[in-house]
>>> print(open('final_3.txt').read())   # compact mmCIF, C-alpha atoms and all ligand atoms
# COMPACT_ATOMS: atom_id res chain seq x y z
CA MET A 16 0.00 0.00 0.00
CA PHE A 17 2.74 2.46 1.00
CA TYR A 18 4.73 1.82 -2.21
CA LEU A 19 1.62 2.18 -4.35
CA MET A 20 0.83 5.53 -2.67
CA HIS A 21 4.45 6.60 -3.09
CA VAL A 22 4.39 5.83 -6.83
CA ILE A 23 1.03 7.62 -7.29
CA HIS A 24 2.33 10.61 -5.26
CA VAL A 25 5.51 10.99 -7.32
CA LEU A 26 3.86 10.49 -10.75
CA THR A 27 1.13 13.01 -9.93
CA VAL A 28 3.70 15.55 -8.73
CA ILE A 29 5.62 15.10 -12.01
CA LEU A 30 2.50 15.77 -14.11
CA TRP A 31 1.36 18.65 -11.91
CA ILE A 32 4.58 20.61 -11.46
CA GLY A 33 5.73 19.76 -15.01
CA GLY A 34 2.45 21.18 -16.35
CA LEU A 35 2.82 24.28 -14.19
CA ALA A 36 6.38 24.80 -15.49
CA PHE A 37 5.13 24.43 -19.09
CA VAL A 38 2.43 27.07 -18.57
CA THR A 39 4.91 29.39 -16.82
CA MET A 40 7.88 28.98 -19.18
CA ILE A 41 6.16 28.46 -22.54
CA VAL A 42 2.52 29.56 -22.58
CA LEU A 43 2.74 32.75 -20.50
CA PRO A 44 5.69 34.23 -22.45
CA MET A 45 3.85 33.36 -25.70
CA ALA A 46 0.73 35.13 -24.44
CA ILE A 47 2.75 38.14 -23.25
CA LYS A 48 4.41 38.47 -26.69
CA THR A 49 1.04 38.35 -28.49
CA PRO A 50 0.42 41.97 -29.54
CA ASP A 51 -3.38 41.86 -29.76
CA ALA A 52 -4.86 42.30 -26.26
CA LEU A 53 -7.92 40.16 -26.90
CA GLN A 54 -5.88 37.34 -28.47
CA LYS A 55 -3.46 37.52 -25.55
CA ALA A 56 -6.21 37.17 -22.94
CA LEU A 57 -8.02 34.48 -24.95
CA LEU A 58 -4.92 32.28 -25.39
CA PHE A 59 -4.10 32.45 -21.73
CA GLN A 60 -7.68 31.97 -20.56
CA ARG A 61 -8.15 28.79 -22.61
CA VAL A 62 -4.91 27.21 -21.40
CA GLU A 63 -5.36 28.30 -17.79
CA HIS A 64 -8.95 27.06 -17.65
CA ARG A 65 -7.95 23.61 -18.91
CA PHE A 66 -4.87 23.38 -16.73
CA ALA A 67 -6.62 24.60 -13.56
CA ASN A 68 -9.13 21.75 -13.84
CA MET A 69 -6.30 19.22 -14.16
CA ALA A 70 -4.33 20.86 -11.34
CA ARG A 71 -7.34 20.49 -9.00
CA VAL A 72 -7.35 16.72 -9.67
CA TYR A 73 -3.55 16.51 -9.24
CA ASN A 74 -3.79 18.45 -5.97
CA LEU A 75 -6.39 16.05 -4.58
CA ILE A 76 -4.47 12.91 -5.64
CA THR A 77 -1.14 14.25 -4.30
CA GLY A 78 -2.82 15.19 -1.01
CA ALA A 79 -4.72 11.90 -0.64
CA SER A 80 -1.65 9.73 -1.36
CA GLY A 81 0.51 11.94 0.89
CA PHE A 82 -1.90 11.82 3.81
CA VAL A 83 -2.31 8.02 3.49
CA MET A 84 1.50 7.57 3.59
CA MET A 85 1.83 9.97 6.50
CA PHE A 86 -0.84 8.34 8.68
CA GLN A 87 0.19 4.81 7.70
CA MET A 88 3.71 5.45 9.00
CA GLY A 89 2.53 7.44 12.03
CA TRP A 90 4.47 10.46 10.73
CA HIS A 91 1.63 12.83 11.56
CA ASN A 92 3.27 12.98 15.01
CA LEU A 93 6.21 14.68 13.31
CA LEU A 94 4.14 17.59 12.01
CA PHE A 95 5.25 20.91 13.54
CA THR A 96 8.30 19.31 15.19
CA ARG A 97 11.97 19.97 14.38
CA GLN A 98 12.42 16.54 12.84
CA GLY A 99 9.31 16.98 10.74
CA ILE A 100 10.21 20.35 9.19
CA PRO A 101 10.32 19.01 5.58
CA LEU A 102 7.02 17.10 6.01
CA THR A 103 5.37 20.16 7.59
CA PHE A 104 6.68 22.42 4.82
CA MET A 105 5.40 20.04 2.08
CA THR A 106 1.99 19.89 3.76
CA LEU A 107 1.74 23.68 4.14
CA ILE A 108 2.60 24.24 0.46
CA TRP A 109 -0.08 21.72 -0.44
CA VAL A 110 -2.63 23.58 1.71
CA PHE A 111 -1.62 26.86 0.01
CA TRP A 112 -2.17 25.24 -3.42
CA PHE A 113 -5.52 23.84 -2.26
CA VAL A 114 -6.69 27.33 -1.25
CA MET A 115 -5.41 28.81 -4.55
CA LEU A 116 -7.06 26.15 -6.73
CA PHE A 117 -10.37 25.72 -4.94
CA GLY A 118 -10.78 29.17 -3.40
CA LEU A 119 -9.00 31.84 -5.43
CA GLU A 120 -8.78 30.48 -9.01
CA PRO A 121 -12.51 29.95 -9.66
CA PHE A 122 -13.48 33.29 -8.14
CA VAL A 123 -10.59 35.73 -8.54
CA ILE A 124 -8.54 34.63 -11.57
CA LYS A 125 -11.42 33.41 -13.72
CA LYS A 126 -13.36 36.63 -13.07
CA MET A 127 -10.28 38.75 -13.82
CA LEU A 128 -9.73 36.99 -17.17
CA ALA A 129 -13.43 37.35 -18.07
CA LYS A 130 -13.30 41.06 -17.19
CA MET A 131 -10.26 41.54 -19.44
CA MET A 132 -12.26 40.28 -22.38
CA THR A 133 -15.37 42.36 -21.76
CA PRO A 134 -15.44 45.31 -24.18
CA GLY A 135 -15.65 48.67 -22.45
CA LYS A 136 -13.97 47.51 -19.22
CA ASN A 137 -10.87 49.57 -18.64
CA VAL A 138 -8.31 46.94 -17.64
CA ASP A 139 -4.54 47.35 -17.99
CA ILE A 140 -3.97 43.92 -19.56
CA ASP A 141 -0.17 44.23 -19.65
CA ALA A 142 -0.06 45.00 -15.92
CA VAL A 143 -2.32 42.02 -15.20
CA PHE A 144 -0.01 39.74 -17.20
CA ILE A 145 3.07 41.00 -15.38
CA ARG A 146 1.37 40.17 -12.06
CA MET A 147 0.23 36.79 -13.40
CA ASN A 148 3.78 36.03 -14.58
CA ARG A 149 5.20 36.82 -11.13
CA LEU A 150 2.54 34.68 -9.43
CA HIS A 151 3.29 31.71 -11.71
CA TRP A 152 7.05 31.89 -11.08
CA PHE A 153 6.34 32.09 -7.35
CA MET A 154 4.16 28.97 -7.58
CA VAL A 155 6.90 27.13 -9.54
CA ALA A 156 9.48 28.08 -6.89
CA ILE A 157 7.42 26.97 -3.89
CA SER A 158 6.39 23.75 -5.67
CA LEU A 159 10.03 22.87 -6.38
CA ALA A 160 10.82 23.68 -2.74
CA ALA A 161 7.98 21.33 -1.66
CA SER A 162 9.49 18.64 -3.93
CA VAL A 163 12.89 19.07 -2.25
CA ALA A 164 11.11 18.80 1.12
CA GLY A 165 9.49 15.57 -0.17
CA VAL A 166 12.86 14.10 -1.12
CA LEU A 167 14.22 15.03 2.32
CA THR A 168 11.19 13.38 3.95
CA ALA A 169 11.75 10.20 1.93
CA HIS A 170 15.55 10.01 1.95
CA GLY A 171 16.85 12.70 4.32
C1 LIG A 201 2.76 20.57 -3.09
C2 LIG A 201 2.45 19.33 -2.79
C3 LIG A 201 3.45 18.21 -2.68
C4 LIG A 201 4.57 17.97 -3.43
C5 LIG A 201 5.11 18.79 -4.60
C6 LIG A 201 5.15 16.74 -2.92
C7 LIG A 201 6.30 16.16 -3.42
C8 LIG A 201 6.90 15.04 -2.91
C9 LIG A 201 8.10 14.42 -3.43
C10 LIG A 201 8.88 14.88 -4.66
C11 LIG A 201 8.41 13.37 -2.62
C12 LIG A 201 9.66 12.52 -2.70
C13 LIG A 201 9.47 11.13 -3.17
C14 LIG A 201 10.80 10.41 -3.25
O1 LIG A 201 11.87 11.01 -3.18
O2 LIG A 201 10.78 9.20 -3.41
C15 LIG A 201 7.39 13.30 -1.59
C16 LIG A 201 7.36 12.37 -0.58
C17 LIG A 201 6.42 12.33 0.43
N1 LIG A 201 5.30 13.13 0.54
FE1 LIG A 201 4.83 14.71 -0.66
N2 LIG A 201 4.38 16.29 -1.87
C18 LIG A 201 3.34 17.16 -1.68
C19 LIG A 201 2.33 17.07 -0.74
C20 LIG A 201 2.29 16.15 0.28
C21 LIG A 201 1.28 16.08 1.34
C22 LIG A 201 0.08 17.02 1.49
C23 LIG A 201 1.62 15.04 2.15
C24 LIG A 201 0.91 14.57 3.41
C25 LIG A 201 0.65 15.33 4.39
C26 LIG A 201 2.81 14.44 1.62
C27 LIG A 201 3.46 13.36 2.17
C28 LIG A 201 4.61 12.77 1.69
C29 LIG A 201 5.32 11.68 2.34
C30 LIG A 201 4.88 11.00 3.62
C31 LIG A 201 6.45 11.41 1.56
C32 LIG A 201 7.56 10.42 1.86
C33 LIG A 201 7.39 9.09 1.22
C34 LIG A 201 8.52 8.14 1.63
O3 LIG A 201 9.11 8.30 2.69
O4 LIG A 201 8.82 7.22 0.89
N3 LIG A 201 3.20 15.13 0.50
N4 LIG A 201 6.48 14.31 -1.80
>>> encode(input="final_3.txt", output="structure tokens", more="lines below")
Ligand code: HEM
Amino acid sequence: MFYLMHVIHVLTVILWIGGLAFVTMIVLPMAIKTPDALQKALLFQRVEHRFANMARVYNLITGASGFVMMFQMGWHNLLFTRQGIPLTFMTLIWVFWFVMLFGLEPFVIKKMLAKMMTPGKNVDIDAVFIRMNRLHWFMVAISLAASVAGVLTAHG
């Protein structure tokens, strides 16, 4: 059971963080370089909408497999202790992602993208994309940090 959960955990993390890196390093720069504002917003909205749905599934699978492993080994006792710093860090990053994907994305980001495409709304699209770019790089960085914490939990 533990090994199965471990394999599911790692494969899901690969798909999830790999997809996030692809959006951040390939799709966002492509959208930013698109001169037409409507095209720019449309390209990004379509990719983001599709990826956000997948990311929600990845988040749930990563969390479920992680929590099963943690409770199976009794490692929940390590949470918020010195020895359990990597496990605690990984869990907190996961909670942050959960809030972003299930709380903020459907309400804040989706609405912001829809507003950008509504004629007559005065939105500084370039400024929004600069903010979005920063947010995506931040998410890549903390996800890689969570992965390092995972490796330390498993092999440290
Ligand atoms: C942002 C979310 C997460 C990421 C990116 C992530 C990533 C990883 C990675 C890369 C590993 C290392 C696997 C290896 O080296 O073999 C790992 C292991 C592990 N993760 Fe996560 N993880 C996340 C969330 C969670 C959550 C929420 C839990 C449970 C509370 C969890 C529990 C574990 C456990 C117990 C291991 C160690 C498995 C072992 O000792 O073999 N993870 N994780």
>>> closest_residue(input="final_3.txt", among="A:Trp109, A:Trp90, A:Trp31, A:Phe104", to="ligand LIG 201 (chain A)", atoms="all atoms listed in the file")
A:Trp109
>>> closest_residue(input="final_3.txt", among="A:Ile47, A:Met40, A:Val123, A:Ile29", to="Ile145 (chain A)", atoms="all atoms listed in the file")
A:Ile47
>>> atom_distance(input="final_3.txt", atom1="CA of Phe82 (chain A)", atom2="CA of Leu150 (chain A)")
26.8 Å
>>> residues_near_ligand(input="final_3.txt", ligand="ligand LIG 201 (chain A)", cutoff="9 Å", atoms="only C-alpha atoms and all ligand atoms", output="mmCIF file with C-alpha atoms, keeping the file's coordinate frame")
data_model
loop_
_atom_site.group_PDB
_atom_site.id
_atom_site.type_symbol
_atom_site.label_atom_id
_atom_site.label_comp_id
_atom_site.auth_asym_id
_atom_site.auth_seq_id
_atom_site.Cartn_x
_atom_site.Cartn_y
_atom_site.Cartn_z
ATOM 1 C CA PHE A 17 2.740 2.460 1.000
ATOM 2 C CA TYR A 18 4.730 1.820 -2.210
ATOM 3 C CA MET A 20 0.830 5.530 -2.670
ATOM 4 C CA HIS A 21 4.450 6.600 -3.090
ATOM 5 C CA VAL A 22 4.390 5.830 -6.830
ATOM 6 C CA HIS A 24 2.330 10.610 -5.260
ATOM 7 C CA VAL A 25 5.510 10.990 -7.320
ATOM 8 C CA THR A 27 1.130 13.010 -9.930
ATOM 9 C CA VAL A 28 3.700 15.550 -8.730
ATOM 10 C CA ILE A 29 5.620 15.100 -12.010
ATOM 11 C CA TRP A 31 1.360 18.650 -11.910
ATOM 12 C CA ILE A 32 4.580 20.610 -11.460
ATOM 13 C CA ASN A 74 -3.790 18.450 -5.970
ATOM 14 C CA LEU A 75 -6.390 16.050 -4.580
ATOM 15 C CA THR A 77 -1.140 14.250 -4.300
ATOM 16 C CA GLY A 78 -2.820 15.190 -1.010
ATOM 17 C CA ALA A 79 -4.720 11.900 -0.640
ATOM 18 C CA SER A 80 -1.650 9.730 -1.360
ATOM 19 C CA GLY A 81 0.510 11.940 0.890
ATOM 20 C CA PHE A 82 -1.900 11.820 3.810
ATOM 21 C CA VAL A 83 -2.310 8.020 3.490
ATOM 22 C CA MET A 84 1.500 7.570 3.590
ATOM 23 C CA MET A 85 1.830 9.970 6.500
ATOM 24 C CA PHE A 86 -0.840 8.340 8.680
ATOM 25 C CA GLN A 87 0.190 4.810 7.700
ATOM 26 C CA MET A 88 3.710 5.450 9.000
ATOM 27 C CA TRP A 90 4.470 10.460 10.730
ATOM 28 C CA HIS A 91 1.630 12.830 11.560
ATOM 29 C CA LEU A 94 4.140 17.590 12.010
ATOM 30 C CA LEU A 102 7.020 17.100 6.010
ATOM 31 C CA THR A 103 5.370 20.160 7.590
ATOM 32 C CA PHE A 104 6.680 22.420 4.820
ATOM 33 C CA MET A 105 5.400 20.040 2.080
ATOM 34 C CA THR A 106 1.990 19.890 3.760
ATOM 35 C CA LEU A 107 1.740 23.680 4.140
ATOM 36 C CA ILE A 108 2.600 24.240 0.460
ATOM 37 C CA TRP A 109 -0.080 21.720 -0.440
ATOM 38 C CA VAL A 110 -2.630 23.580 1.710
ATOM 39 C CA PHE A 111 -1.620 26.860 0.010
ATOM 40 C CA TRP A 112 -2.170 25.240 -3.420
ATOM 41 C CA PHE A 113 -5.520 23.840 -2.260
ATOM 42 C CA ILE A 157 7.420 26.970 -3.890
ATOM 43 C CA SER A 158 6.390 23.750 -5.670
ATOM 44 C CA LEU A 159 10.030 22.870 -6.380
ATOM 45 C CA ALA A 160 10.820 23.680 -2.740
ATOM 46 C CA ALA A 161 7.980 21.330 -1.660
ATOM 47 C CA SER A 162 9.490 18.640 -3.930
ATOM 48 C CA VAL A 163 12.890 19.070 -2.250
ATOM 49 C CA ALA A 164 11.110 18.800 1.120
ATOM 50 C CA GLY A 165 9.490 15.570 -0.170
ATOM 51 C CA VAL A 166 12.860 14.100 -1.120
ATOM 52 C CA LEU A 167 14.220 15.030 2.320
ATOM 53 C CA THR A 168 11.190 13.380 3.950
ATOM 54 C CA ALA A 169 11.750 10.200 1.930
ATOM 55 C CA HIS A 170 15.550 10.010 1.950
#
>>> atom_distance(input="final_3.txt", atom1="CA of Gly135 (chain A)", atom2="CA of Gly118 (chain A)")
27.7 Å
>>> closest_residue(input="final_3.txt", among="A:Phe153, A:Tyr73, A:Phe95, A:Phe144", to="Met45 (chain A)", atoms="only C-alpha atoms")
A:Phe144
>>> atom_distance(input="final_3.txt", atom1="CA of Ala156 (chain A)", atom2="CA of Lys48 (chain A)")
22.9 Å
>>> decode(input="final_3.txt", residues="region 26-157 of chain A", atoms="C-alpha atoms", output="JSON list (two decimals), in the first residue's frame")
[["chain", "number", "residue", "atom", "x", "y", "z"],
["A", 26, "LEU", "CA", 3.86, 10.49, -10.75],
["A", 27, "THR", "CA", 1.13, 13.01, -9.93],
["A", 28, "VAL", "CA", 3.70, 15.55, -8.73],
["A", 29, "ILE", "CA", 5.62, 15.10, -12.01],
["A", 30, "LEU", "CA", 2.50, 15.77, -14.11],
["A", 31, "TRP", "CA", 1.36, 18.65, -11.91],
["A", 32, "ILE", "CA", 4.58, 20.61, -11.46],
["A", 33, "GLY", "CA", 5.73, 19.76, -15.01],
["A", 34, "GLY", "CA", 2.45, 21.18, -16.35],
["A", 35, "LEU", "CA", 2.82, 24.28, -14.19],
["A", 36, "ALA", "CA", 6.38, 24.80, -15.49],
["A", 37, "PHE", "CA", 5.13, 24.43, -19.09],
["A", 38, "VAL", "CA", 2.43, 27.07, -18.57],
["A", 39, "THR", "CA", 4.91, 29.39, -16.82],
["A", 40, "MET", "CA", 7.88, 28.98, -19.18],
["A", 41, "ILE", "CA", 6.16, 28.46, -22.54],
["A", 42, "VAL", "CA", 2.52, 29.56, -22.58],
["A", 43, "LEU", "CA", 2.74, 32.75, -20.50],
["A", 44, "PRO", "CA", 5.69, 34.23, -22.45],
["A", 45, "MET", "CA", 3.85, 33.36, -25.70],
["A", 46, "ALA", "CA", 0.73, 35.13, -24.44],
["A", 47, "ILE", "CA", 2.75, 38.14, -23.25],
["A", 48, "LYS", "CA", 4.41, 38.47, -26.69],
["A", 49, "THR", "CA", 1.04, 38.35, -28.49],
["A", 50, "PRO", "CA", 0.42, 41.97, -29.54],
["A", 51, "ASP", "CA", -3.38, 41.86, -29.76],
["A", 52, "ALA", "CA", -4.86, 42.30, -26.26],
["A", 53, "LEU", "CA", -7.92, 40.16, -26.90],
["A", 54, "GLN", "CA", -5.88, 37.34, -28.47],
["A", 55, "LYS", "CA", -3.46, 37.52, -25.55],
["A", 56, "ALA", "CA", -6.21, 37.17, -22.94],
["A", 57, "LEU", "CA", -8.02, 34.48, -24.95],
["A", 58, "LEU", "CA", -4.92, 32.28, -25.39],
["A", 59, "PHE", "CA", -4.10, 32.45, -21.73],
["A", 60, "GLN", "CA", -7.68, 31.97, -20.56],
["A", 61, "ARG", "CA", -8.15, 28.79, -22.61],
["A", 62, "VAL", "CA", -4.91, 27.21, -21.40],
["A", 63, "GLU", "CA", -5.36, 28.30, -17.79],
["A", 64, "HIS", "CA", -8.95, 27.06, -17.65],
["A", 65, "ARG", "CA", -7.95, 23.61, -18.91],
["A", 66, "PHE", "CA", -4.87, 23.38, -16.73],
["A", 67, "ALA", "CA", -6.62, 24.60, -13.56],
["A", 68, "ASN", "CA", -9.13, 21.75, -13.84],
["A", 69, "MET", "CA", -6.30, 19.22, -14.16],
["A", 70, "ALA", "CA", -4.33, 20.86, -11.34],
["A", 71, "ARG", "CA", -7.34, 20.49, -9.00],
["A", 72, "VAL", "CA", -7.35, 16.72, -9.67],
["A", 73, "TYR", "CA", -3.55, 16.51, -9.24],
["A", 74, "ASN", "CA", -3.79, 18.45, -5.97],
["A", 75, "LEU", "CA", -6.39, 16.05, -4.58],
["A", 76, "ILE", "CA", -4.47, 12.91, -5.64],
["A", 77, "THR", "CA", -1.14, 14.25, -4.30],
["A", 78, "GLY", "CA", -2.82, 15.19, -1.01],
["A", 79, "ALA", "CA", -4.72, 11.90, -0.64],
["A", 80, "SER", "CA", -1.65, 9.73, -1.36],
["A", 81, "GLY", "CA", 0.51, 11.94, 0.89],
["A", 82, "PHE", "CA", -1.90, 11.82, 3.81],
["A", 83, "VAL", "CA", -2.31, 8.02, 3.49],
["A", 84, "MET", "CA", 1.50, 7.57, 3.59],
["A", 85, "MET", "CA", 1.83, 9.97, 6.50],
["A", 86, "PHE", "CA", -0.84, 8.34, 8.68],
["A", 87, "GLN", "CA", 0.19, 4.81, 7.70],
["A", 88, "MET", "CA", 3.71, 5.45, 9.00],
["A", 89, "GLY", "CA", 2.53, 7.44, 12.03],
["A", 90, "TRP", "CA", 4.47, 10.46, 10.73],
["A", 91, "HIS", "CA", 1.63, 12.83, 11.56],
["A", 92, "ASN", "CA", 3.27, 12.98, 15.01],
["A", 93, "LEU", "CA", 6.21, 14.68, 13.31],
["A", 94, "LEU", "CA", 4.14, 17.59, 12.01],
["A", 95, "PHE", "CA", 5.25, 20.91, 13.54],
["A", 96, "THR", "CA", 8.30, 19.31, 15.19],
["A", 97, "ARG", "CA", 11.97, 19.97, 14.38],
["A", 98, "GLN", "CA", 12.42, 16.54, 12.84],
["A", 99, "GLY", "CA", 9.31, 16.98, 10.74],
["A", 100, "ILE", "CA", 10.21, 20.35, 9.19],
["A", 101, "PRO", "CA", 10.32, 19.01, 5.58],
["A", 102, "LEU", "CA", 7.02, 17.10, 6.01],
["A", 103, "THR", "CA", 5.37, 20.16, 7.59],
["A", 104, "PHE", "CA", 6.68, 22.42, 4.82],
["A", 105, "MET", "CA", 5.40, 20.04, 2.08],
["A", 106, "THR", "CA", 1.99, 19.89, 3.76],
["A", 107, "LEU", "CA", 1.74, 23.68, 4.14],
["A", 108, "ILE", "CA", 2.60, 24.24, 0.46],
["A", 109, "TRP", "CA", -0.08, 21.72, -0.44],
["A", 110, "VAL", "CA", -2.63, 23.58, 1.71],
["A", 111, "PHE", "CA", -1.62, 26.86, 0.01],
["A", 112, "TRP", "CA", -2.17, 25.24, -3.42],
["A", 113, "PHE", "CA", -5.52, 23.84, -2.26],
["A", 114, "VAL", "CA", -6.69, 27.33, -1.25],
["A", 115, "MET", "CA", -5.41, 28.81, -4.55],
["A", 116, "LEU", "CA", -7.06, 26.15, -6.73],
["A", 117, "PHE", "CA", -10.37, 25.72, -4.94],
["A", 118, "GLY", "CA", -10.78, 29.17, -3.40],
["A", 119, "LEU", "CA", -9.00, 31.84, -5.43],
["A", 120, "GLU", "CA", -8.78, 30.48, -9.01],
["A", 121, "PRO", "CA", -12.51, 29.95, -9.66],
["A", 122, "PHE", "CA", -13.48, 33.29, -8.14],
["A", 123, "VAL", "CA", -10.59, 35.73, -8.54],
["A", 124, "ILE", "CA", -8.54, 34.63, -11.57],
["A", 125, "LYS", "CA", -11.42, 33.41, -13.72],
["A", 126, "LYS", "CA", -13.36, 36.63, -13.07],
["A", 127, "MET", "CA", -10.28, 38.75, -13.82],
["A", 128, "LEU", "CA", -9.73, 36.99, -17.17],
["A", 129, "ALA", "CA", -13.43, 37.35, -18.07],
["A", 130, "LYS", "CA", -13.30, 41.06, -17.19],
["A", 131, "MET", "CA", -10.26, 41.54, -19.44],
["A", 132, "MET", "CA", -12.26, 40.28, -22.38],
["A", 133, "THR", "CA", -15.37, 42.36, -21.76],
["A", 134, "PRO", "CA", -15.44, 45.31, -24.18],
["A", 135, "GLY", "CA", -15.65, 48.67, -22.45],
["A", 136, "LYS", "CA", -13.97, 47.51, -19.22],
["A", 137, "ASN", "CA", -10.87, 49.57, -18.64],
["A", 138, "VAL", "CA", -8.31, 46.94, -17.64],
["A", 139, "ASP", "CA", -4.54, 47.35, -17.99],
["A", 140, "ILE", "CA", -3.97, 43.92, -19.56],
["A", 141, "ASP", "CA", -0.17, 44.23, -19.65],
["A", 142, "ALA", "CA", -0.06, 45.00, -15.92],
["A", 143, "VAL", "CA", -2.32, 42.02, -15.20],
["A", 144, "PHE", "CA", -0.01, 39.74, -17.20],
["A", 145, "ILE", "CA", 3.07, 41.00, -15.38],
["A", 146, "ARG", "CA", 1.37, 40.17, -12.06],
["A", 147, "MET", "CA", 0.23, 36.79, -13.40],
["A", 148, "ASN", "CA", 3.78, 36.03, -14.58],
["A", 149, "ARG", "CA", 5.20, 36.82, -11.13],
["A", 150, "LEU", "CA", 2.54, 34.68, -9.43],
["A", 151, "HIS", "CA", 3.29, 31.71, -11.71],
["A", 152, "TRP", "CA", 7.05, 31.89, -11.08],
["A", 153, "PHE", "CA", 6.34, 32.09, -7.35],
["A", 154, "MET", "CA", 4.16, 28.97, -7.58],
["A", 155, "VAL", "CA", 6.90, 27.13, -9.54],
["A", 156, "ALA", "CA", 9.48, 28.08, -6.89],
["A", 157, "ILE", "CA", 7.42, 26.97, -3.89]]
